[in-house]
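Undergrad: See input39.csv below, with CSV, C-alpha atoms and all ligand atoms.
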```csv
chain,number,residue,atom,x,y,z
A,1,MET,CA,-30.8,-9.0,-1.0
A,2,PHE,CA,-29.3,-7.3,-4.0
A,3,SER,CA,-27.0,-4.3,-4.0
A,4,PRO,CA,-28.6,-1.3,-5.7
A,5,SER,CA,-28.6,-1.4,-9.5
A,6,PRO,CA,-26.7,1.5,-11.1
A,7,VAL,CA,-28.2,4.6,-12.7
A,8,HIS,CA,-26.7,5.8,-16.0
A,9,SER,CA,-27.7,8.6,-18.3
A,10,MET,CA,-28.3,8.8,-22.0
A,11,ILE,CA,-29.6,11.1,-24.7
A,12,PHE,CA,-33.1,10.3,-26.1
A,13,GLU,CA,-34.6,12.7,-28.6
A,14,GLY,CA,-32.1,15.4,-27.7
A,15,ARG,CA,-33.1,15.1,-24.1
A,16,SER,CA,-30.9,13.8,-21.2
A,17,VAL,CA,-32.7,10.8,-19.5
A,18,PHE,CA,-31.5,8.9,-16.5
A,19,VAL,CA,-31.8,5.1,-16.8
A,20,LYS,CA,-32.2,2.8,-13.8
A,21,ARG,CA,-30.4,-0.3,-14.9
A,22,ASP,CA,-32.3,-3.2,-13.4
A,23,ASP,CA,-31.0,-5.2,-16.3
A,24,LEU,CA,-27.7,-5.1,-14.4
A,25,LEU,CA,-29.1,-6.0,-11.1
A,26,HIS,CA,-27.3,-9.4,-10.9
A,27,PRO,CA,-25.6,-11.4,-13.6
A,28,GLU,CA,-28.2,-14.2,-13.4
A,29,PHE,CA,-31.2,-12.8,-11.6
A,30,SER,CA,-32.0,-9.5,-13.1
A,31,GLY,CA,-34.8,-7.2,-14.4
A,32,ASN,CA,-38.3,-6.8,-13.4
A,33,LYS,CA,-39.1,-10.4,-12.6
A,34,ALA,CA,-36.1,-10.6,-10.3
A,35,ARG,CA,-37.5,-7.7,-8.3
A,36,LYS,CA,-40.9,-9.4,-8.1
A,37,PHE,CA,-39.5,-12.8,-7.1
A,38,GLN,CA,-37.0,-11.5,-4.6
A,39,TYR,CA,-39.5,-12.4,-1.9
A,40,PHE,CA,-39.1,-16.1,-2.7
A,41,LEU,CA,-35.3,-15.8,-2.5
A,42,ASN,CA,-35.3,-14.1,0.9
A,43,HIS,CA,-37.9,-16.0,2.9
A,44,ASP,CA,-37.8,-19.3,4.5
A,45,PHE,CA,-39.6,-22.1,2.6
A,46,ALA,CA,-38.3,-25.1,4.6
A,47,HIS,CA,-41.0,-27.5,3.4
A,48,ILE,CA,-40.8,-26.6,-0.3
A,49,THR,CA,-39.1,-28.9,-2.8
A,50,THR,CA,-41.0,-27.9,-6.0
A,51,LEU,CA,-41.7,-24.6,-7.6
A,52,VAL,CA,-44.7,-24.5,-10.0
A,53,GLY,CA,-45.4,-21.7,-12.5
A,54,SER,CA,-47.1,-21.0,-15.8
A,55,GLY,CA,-47.2,-18.6,-18.7
A,56,SER,CA,-45.7,-18.2,-22.1
A,57,ALA,CA,-42.7,-20.3,-23.2
A,58,GLN,CA,-40.8,-17.1,-24.1
A,59,ALA,CA,-41.6,-15.2,-20.9
A,60,ASN,CA,-39.0,-13.4,-18.8
A,61,SER,CA,-40.7,-14.9,-15.7
A,62,LEU,CA,-39.9,-18.5,-17.0
A,63,TYR,CA,-36.2,-17.7,-17.0
A,64,SER,CA,-36.3,-15.8,-13.7
A,65,LEU,CA,-38.2,-18.6,-11.9
A,66,SER,CA,-35.8,-21.2,-13.3
A,67,VAL,CA,-32.9,-19.2,-11.7
A,68,LEU,CA,-34.8,-19.0,-8.4
A,69,ALA,CA,-35.5,-22.7,-8.4
A,70,LYS,CA,-31.9,-23.5,-9.2
A,71,ARG,CA,-30.6,-21.2,-6.4
A,72,ARG,CA,-32.9,-22.7,-3.9
A,73,GLY,CA,-32.4,-26.3,-5.0
A,74,TRP,CA,-36.1,-26.8,-6.0
A,75,ALA,CA,-37.5,-28.8,-8.9
A,76,PHE,CA,-39.3,-26.5,-11.3
A,77,ASN,CA,-42.4,-27.3,-13.3
A,78,TYR,CA,-43.6,-24.7,-15.7
A,79,TYR,CA,-46.9,-25.0,-17.6
A,80,VAL,CA,-47.6,-23.5,-21.0
A,81,ASP,CA,-50.8,-23.6,-23.0
A,82,HIS,CA,-48.9,-24.0,-26.3
A,83,LEU,CA,-45.3,-24.9,-27.2
A,84,ALA,CA,-44.4,-23.9,-30.8
A,85,SER,CA,-42.6,-26.7,-32.6
A,86,TYR,CA,-40.2,-24.2,-33.9
A,87,LEU,CA,-39.1,-23.2,-30.4
A,88,LYS,CA,-39.0,-26.9,-29.3
A,89,ASP,CA,-36.7,-27.7,-32.3
A,90,ASN,CA,-34.6,-24.5,-32.0
A,91,PRO,CA,-34.5,-23.6,-28.2
A,92,GLN,CA,-33.5,-20.0,-27.7
A,93,GLY,CA,-33.8,-17.0,-25.3
A,94,ASN,CA,-35.6,-17.4,-22.0
A,95,TYR,CA,-36.8,-20.9,-23.0
A,96,LYS,CA,-33.4,-22.3,-23.7
A,97,ALA,CA,-31.8,-20.7,-20.6
A,98,ALA,CA,-34.6,-22.1,-18.4
A,99,ILE,CA,-34.1,-25.6,-19.8
A,100,ASN,CA,-30.4,-25.3,-19.1
A,101,ASN,CA,-31.4,-24.4,-15.5
A,102,GLY,CA,-33.4,-27.7,-15.3
A,103,ALA,CA,-36.9,-26.4,-15.9
A,104,ASN,CA,-39.5,-29.0,-16.8
A,105,ILE,CA,-41.7,-27.3,-19.4
A,106,ILE,CA,-45.1,-28.9,-19.6
A,107,ALA,CA,-47.4,-28.1,-22.5
A,108,LEU,CA,-51.1,-28.5,-21.7
A,109,ASP,CA,-52.7,-28.3,-25.0
A,110,ARG,CA,-56.4,-27.4,-25.6
A,111,HIS,CA,-57.5,-31.0,-25.5
A,112,GLU,CA,-55.8,-31.6,-22.1
A,113,ARG,CA,-57.3,-28.4,-20.7
A,114,GLN,CA,-60.7,-29.5,-22.0
A,115,GLY,CA,-61.0,-26.0,-23.6
A,116,GLU,CA,-60.4,-24.2,-20.2
A,117,PRO,CA,-57.9,-21.3,-20.1
A,118,LEU,CA,-54.5,-22.2,-18.7
A,119,GLU,CA,-55.1,-19.8,-15.8
A,120,ASP,CA,-58.1,-21.8,-14.6
A,121,CYS,CA,-56.3,-25.1,-14.9
A,122,MET,CA,-53.5,-23.6,-12.8
A,123,SER,CA,-55.9,-22.5,-10.1
A,124,ALA,CA,-57.3,-26.0,-10.0
A,125,LEU,CA,-53.7,-27.4,-9.7
A,126,ALA,CA,-52.9,-25.0,-7.0
A,127,SER,CA,-55.9,-25.9,-4.9
A,128,LEU,CA,-54.8,-29.6,-5.1
A,129,ALA,CA,-51.1,-28.7,-4.3
A,130,LYS,CA,-49.2,-30.7,-1.9
A,131,ASP,CA,-47.4,-29.1,1.0
A,132,ASN,CA,-44.0,-29.3,-0.8
A,133,GLU,CA,-45.2,-27.3,-3.8
A,134,LEU,CA,-45.0,-23.5,-4.2
A,135,HIS,CA,-47.3,-22.2,-6.8
A,136,VAL,CA,-46.5,-18.8,-8.3
A,137,PRO,CA,-49.3,-17.1,-10.3
A,138,GLU,CA,-48.5,-16.0,-13.9
A,139,GLY,CA,-46.3,-13.1,-14.5
A,140,GLY,CA,-45.7,-12.4,-10.8
A,141,ARG,CA,-48.9,-10.2,-10.5
A,142,CYS,CA,-49.3,-10.6,-6.7
A,143,ALA,CA,-48.8,-9.1,-3.3
A,144,TYR,CA,-45.5,-10.9,-2.8
A,145,ALA,CA,-44.0,-8.6,-5.5
A,146,GLN,CA,-44.4,-5.7,-3.1
A,147,GLU,CA,-41.3,-6.6,-1.2
A,148,GLY,CA,-38.8,-6.3,-4.1
A,149,LEU,CA,-40.6,-3.4,-5.6
A,150,THR,CA,-40.4,-1.5,-2.3
A,151,GLN,CA,-36.7,-2.1,-2.3
A,152,LEU,CA,-36.6,-0.7,-5.8
A,153,GLY,CA,-38.5,2.4,-4.7
A,154,LEU,CA,-36.1,2.9,-1.8
A,155,GLU,CA,-33.1,2.7,-4.2
A,156,ILE,CA,-34.7,5.3,-6.5
A,157,HIS,CA,-35.6,7.5,-3.6
A,158,GLN,CA,-32.1,7.4,-2.1
A,159,TRP,CA,-30.5,8.1,-5.5
A,160,ALA,CA,-32.8,11.1,-6.1
A,161,LEU,CA,-31.9,12.5,-2.6
A,162,ALA,CA,-28.2,12.0,-3.4
A,163,GLN,CA,-28.7,13.9,-6.6
A,164,GLY,CA,-30.4,16.7,-4.7
A,165,LEU,CA,-33.6,16.4,-6.8
A,166,LYS,CA,-36.9,17.9,-5.6
A,167,GLN,CA,-39.0,16.3,-8.3
A,168,LEU,CA,-38.6,13.2,-10.4
A,169,VAL,CA,-40.6,11.4,-13.1
A,170,VAL,CA,-40.1,7.6,-13.0
A,171,TYR,CA,-41.2,6.4,-16.4
A,172,PHE,CA,-41.6,2.9,-17.9
A,173,PRO,CA,-44.0,0.6,-19.9
A,174,SER,CA,-46.4,-1.6,-18.0
A,175,GLY,CA,-47.8,-5.1,-18.5
A,176,THR,CA,-50.0,-6.0,-15.5
A,177,GLY,CA,-49.2,-2.6,-13.8
A,178,THR,CA,-47.9,-4.4,-10.7
A,179,THR,CA,-44.5,-2.6,-10.8
A,180,ALA,CA,-46.1,0.8,-11.4
A,181,VAL,CA,-48.7,0.7,-8.6
A,182,PHE,CA,-46.4,-0.7,-5.9
A,183,LEU,CA,-43.7,1.9,-6.8
A,184,GLN,CA,-46.3,4.7,-6.6
A,185,GLN,CA,-47.5,3.4,-3.3
A,186,TYR,CA,-44.0,3.6,-2.0
A,187,PHE,CA,-43.4,7.1,-3.3
A,188,ASN,CA,-46.7,8.3,-1.9
A,189,GLN,CA,-45.7,7.7,1.7
A,190,LEU,CA,-42.6,9.8,1.2
A,191,HIS,CA,-44.8,12.9,1.1
A,192,THR,CA,-46.0,12.2,4.6
A,193,SER,CA,-42.6,11.6,6.3
A,194,VAL,CA,-41.2,14.9,7.6
A,195,GLU,CA,-37.6,14.7,6.6
A,196,ASP,CA,-38.5,13.9,3.0
A,197,LEU,CA,-41.1,16.6,2.6
A,198,GLU,CA,-39.0,18.1,-0.1
A,199,ILE,CA,-39.2,15.3,-2.7
A,200,SER,CA,-42.0,14.4,-5.1
A,201,ILE,CA,-41.7,11.3,-7.2
A,202,ARG,CA,-44.4,10.4,-9.7
A,203,VAL,CA,-44.7,7.2,-11.7
A,204,HIS,CA,-45.7,7.7,-15.4
A,205,THR,CA,-46.5,4.7,-17.5
A,206,VAL,CA,-48.0,3.4,-20.8
A,207,SER,CA,-50.1,0.3,-21.1
A,208,VAL,CA,-48.5,-2.4,-23.4
A,209,VAL,CA,-50.6,-5.5,-22.7
A,210,GLY,CA,-54.2,-4.3,-22.1
A,211,GLY,CA,-55.8,-0.9,-22.5
A,212,ASN,CA,-55.9,1.9,-20.0
A,213,GLY,CA,-59.1,0.5,-18.4
A,214,TYR,CA,-57.4,-2.9,-17.8
A,215,LEU,CA,-54.4,-1.1,-16.2
A,216,GLU,CA,-56.6,1.0,-13.9
A,217,LYS,CA,-58.5,-2.1,-12.8
A,218,GLN,CA,-55.2,-3.9,-12.0
A,219,PHE,CA,-54.1,-0.8,-9.9
A,220,MET,CA,-57.3,-0.8,-8.0
A,221,GLN,CA,-57.2,-4.6,-7.3
A,222,LEU,CA,-53.6,-4.5,-6.0
A,223,CYS,CA,-53.8,-1.2,-4.1
A,224,PRO,CA,-57.5,-0.2,-3.6
A,225,SER,CA,-57.0,3.1,-1.7
A,226,LEU,CA,-54.0,5.1,-2.9
A,227,THR,CA,-54.2,8.9,-2.7
A,228,LEU,CA,-52.3,9.0,-6.0
A,229,TYR,CA,-52.1,6.4,-8.8
A,230,PRO,CA,-49.5,6.2,-11.5
A,231,LYS,CA,-50.3,8.4,-14.5
A,232,ILE,CA,-51.2,6.4,-17.5
A,233,HIS,CA,-50.3,7.7,-21.0
A,234,THR,CA,-51.5,6.5,-24.4
A,235,THR,CA,-49.8,6.1,-27.8
A,236,THR,CA,-51.7,7.8,-30.6
A,237,LYS,CA,-51.8,4.4,-32.5
A,238,LYS,CA,-53.0,1.2,-30.8
A,239,TYR,CA,-50.4,-1.6,-30.7
A,240,HIS,CA,-51.2,-5.3,-30.0
A,241,PHE,CA,-48.9,-7.0,-27.5
A,242,GLY,CA,-46.3,-9.2,-29.1
A,243,LYS,CA,-47.0,-8.1,-32.6
A,244,LEU,CA,-44.3,-6.6,-34.8
A,245,TYR,CA,-44.5,-3.0,-36.1
A,246,PRO,CA,-41.7,-1.3,-38.1
A,247,GLU,CA,-42.0,1.8,-36.0
A,248,CYS,CA,-41.5,-0.2,-32.8
A,249,TYR,CA,-38.2,-1.5,-34.2
A,250,GLN,CA,-37.2,2.0,-35.2
A,251,ALA,CA,-38.1,3.3,-31.7
A,252,TRP,CA,-36.0,0.5,-30.2
A,253,LYS,CA,-33.0,1.4,-32.5
A,254,ASP,CA,-33.3,5.1,-31.6
A,255,ALA,CA,-33.3,4.3,-27.9
A,256,CYS,CA,-30.4,1.9,-28.2
A,257,ALA,CA,-28.4,4.6,-30.1
A,258,GLY,CA,-28.1,6.3,-26.7
A,259,GLY,CA,-25.6,3.5,-25.8
A,260,ILE,CA,-27.8,1.2,-23.7
A,261,GLU,CA,-29.5,-1.9,-25.1
A,262,PHE,CA,-33.2,-2.1,-24.3
A,263,GLU,CA,-35.7,-5.0,-24.9
A,264,LEU,CA,-37.9,-5.4,-27.9
A,265,LEU,CA,-41.4,-6.2,-26.4
A,266,TYR,CA,-42.2,-3.5,-23.9
A,267,ASP,CA,-39.6,-0.8,-24.3
A,268,PRO,CA,-40.5,0.1,-28.0
A,269,ILE,CA,-43.9,1.2,-26.8
A,270,GLY,CA,-42.4,2.9,-23.8
A,271,PHE,CA,-40.2,5.0,-26.1
A,272,ILE,CA,-42.8,5.7,-28.7
A,273,ALA,CA,-45.0,7.1,-26.0
A,274,LEU,CA,-42.1,9.0,-24.3
A,275,LYS,CA,-41.2,10.6,-27.6
A,276,GLN,CA,-44.8,11.8,-28.1
A,277,LEU,CA,-44.9,13.2,-24.5
A,278,LEU,CA,-41.6,15.1,-25.0
A,279,ASP,CA,-42.9,16.4,-28.3
A,280,GLN,CA,-46.0,17.7,-26.5
A,281,GLY,CA,-43.7,19.5,-24.0
A,282,GLU,CA,-44.4,17.1,-21.1
A,283,PHE,CA,-41.6,16.8,-18.4
A,284,ALA,CA,-40.0,20.0,-19.7
A,285,HIS,CA,-38.8,20.9,-16.2
A,286,THR,CA,-38.7,17.6,-14.5
A,287,PRO,CA,-35.8,15.0,-14.6
A,288,ILE,CA,-36.9,11.7,-16.1
A,289,LEU,CA,-35.7,8.3,-14.8
A,290,TYR,CA,-36.5,5.5,-17.3
A,291,LEU,CA,-36.7,2.1,-15.6
A,292,HIS,CA,-34.9,-0.5,-17.6
A,293,GLN,CA,-36.7,-3.7,-16.6
A,294,GLY,CA,-34.3,-6.2,-18.2
A,295,GLY,CA,-35.6,-8.9,-20.5
A,296,LEU,CA,-32.7,-8.8,-23.0
A,297,LEU,CA,-32.5,-12.6,-23.3
A,298,GLY,CA,-35.5,-12.4,-25.6
A,299,ASN,CA,-33.9,-9.9,-28.0
A,300,PRO,CA,-32.2,-12.2,-30.4
A,301,SER,CA,-35.4,-14.1,-31.2
A,302,MET,CA,-37.4,-10.9,-31.5
A,303,GLN,CA,-34.8,-9.6,-33.9
A,304,ALA,CA,-35.0,-12.8,-35.9
A,305,ARG,CA,-38.8,-12.4,-36.1
A,306,TYR,CA,-38.4,-8.8,-37.3
A,307,ARG,CA,-35.8,-9.9,-39.9
A,308,ARG,CA,-38.1,-12.6,-41.1
A,309,LYS,CA,-41.1,-10.3,-41.4
A,310,TYR,CA,-39.4,-7.2,-42.7
A,311,SER,CA,-36.3,-8.4,-44.5
A,312,VAL,CA,-35.0,-4.8,-44.9
A,313,LEU,CA,-34.3,-4.4,-41.2
A,401,LIG,C1,-42.8,-8.2,-16.7
A,401,LIG,C2,-42.1,-7.1,-17.4
A,401,LIG,C3,-42.8,-5.9,-17.6
A,401,LIG,C4,-44.2,-5.6,-17.1
A,401,LIG,O1,-44.3,-5.4,-15.7
A,401,LIG,P1,-45.7,-5.3,-14.9
A,401,LIG,O2,-45.3,-5.2,-13.5
A,401,LIG,O3,-46.5,-6.5,-15.2
A,401,LIG,O4,-46.3,-4.0,-15.5
A,401,LIG,C5,-42.2,-4.9,-18.3
A,401,LIG,N1,-40.9,-5.1,-18.9
A,401,LIG,C6,-40.3,-6.2,-18.7
A,401,LIG,C7,-38.9,-6.4,-19.4
A,401,LIG,C8,-40.9,-7.3,-18.0
A,401,LIG,O5,-40.2,-8.5,-17.9
```
Now that the file is in, can you turn its structure into structure tokens?
TA:
Amino acid sequence: MFSPSPVHSMIFEGRSVFVKRDDLLHPEFSGNKARKFQYFLNHDFAHITTLVGSGSAQANSLYSLSVLAKRRGWAFNYYVDHLASYLKDNPQGNYKAAINNGANIIALDRHERQGEPLEDCMSALASLAKDNELHVPEGGRCAYAQEGLTQLGLEIHQWALAQGLKQLVVYFPSGTGTTAVFLQQYFNQLHTSVEDLEISIRVHTVSVVGGNGYLEKQFMQLCPSLTLYPKIHTTTKKYHFGKLYPECYQAWKDACAGGIEFELLYDPIGFIALKQLLDQGEFAHTPILYLHQGGLLGNPSMQARYRRKYSVL
């Protein structure tokens, strides 16, 4: 169990914004993936000796799973569908930190996968798993994530009560939407408990990985019958996940000027959308809590990519 992450405040676009610092959750195990994997830290897995995961070689979940495995004394096998030779020769960020924690990173190239997507190969591997193996689906998009995210919801709720707030917007960019929908589920039940009748907390998000339709589908799949779902916003321009855009870098710099370092993959889209919403007069009378979901280990390599592509930055 973690102690609550702090809440700080900053100025963004002339507006005071609270920031929930999940990047400071714990020196080693922090950010969004730590919340999602908290379940595997707290529960008994007596028969497990090996953790198995998959995804991108730069993913935050790769690093967080490596910390989890190390803390629990498990071996850790992590499958990727592609390992760039540049990264292999110049280990950095999440990849480097995970290797230092003892991660075995296994590349299943197209040939080995016989053209199948990595996800399908992982399902096949999981169905053949031995009793000592714990398989975690990619990106932590699963019901186990609810435990840590409920704790996050409770922390936000208690903080809002201590501040005497009656209304709060919790805002952040989404990938799979797991964080957004489980937080909203937690906040929804506050309205039905008598002593908290006074507080209304709504999750607002922007889709970074898929479109809005994808995000809605994810919400329905994880929580099929909520009375209220997170509100999904859209940026005027469409951005492709992981691609570099000068205005994303600018939005990141503007946000960091508030005194807190954010990450360069999700947060730029979060702040571009937030600026648009503020310009439209949204949230004019409601305090905003921006959820900092960590991921800073990836920043140096993202900055290097930006520098290579746009030498002026
Ligand atoms: C994983 C992650 C997200 C996306 O979270 P979802 O629950 O998949 O929406 C956002 N930001 C950071 C830094 C992450 O690591």
Undergrad: Mind checking which residues fall within 12 Å of Ser85 of chain A, counting only C-alpha atoms, ignoring those fewer than 6 positions away in the same chain, and posting them as a PyMOL selection string?
TA: chain A and resi 57+91+107
Undergrad: Fewer than 5 positions away in the same chain doesn't count, so skip those; otherwise give me all residues within 7 Å of Phe76 of chain A, counting all atoms listed in the file, as number ranges by chain.
TA: A: 50-52, 66, 69, 103-104
Undergrad: When distances are computed from all atoms listed in the file, which of A:Val206, A:Leu277, A:Ala284, A:Leu108 shows the smallest separation from ligand LIG 401 (chain A)?
TA: A:Val206
Undergrad: How many Å separate atom CA of Ile105 of chain A from atom CA of Ala59 of chain A?
TA: 12.2 Å
Undergrad: So how far away is atom CA of Ser56 of chain A from atom CA of Leu118 of chain A, in Å?
TA: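 Interatomic distance here is 10.2 Å.
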Undergrad: Can I get the residues close to ligand LIG 401 (chain A) as an MDAnalysis selection string, where close means within 9 Å and we count all atoms listed in the file?
TA: chainID A and resid 23 31:34 36 59:61 139:141 145 172:182 205 207:209 215 262:267 291:296
Undergrad: Closest to Asp44 of chain A among A:Gly210, A:Arg72, A:Phe18, A:Ser127, using all atoms listed in the file?
TA: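 Ranked by minimum distance to Asp44 of chain A, first place goes to A:Arg72.
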Undergrad: Quote the spacing between atom CA of Phe29 of chain A and atom CA of Ser64 of chain A in Å to one decimal place.
TA: 6.3 Å
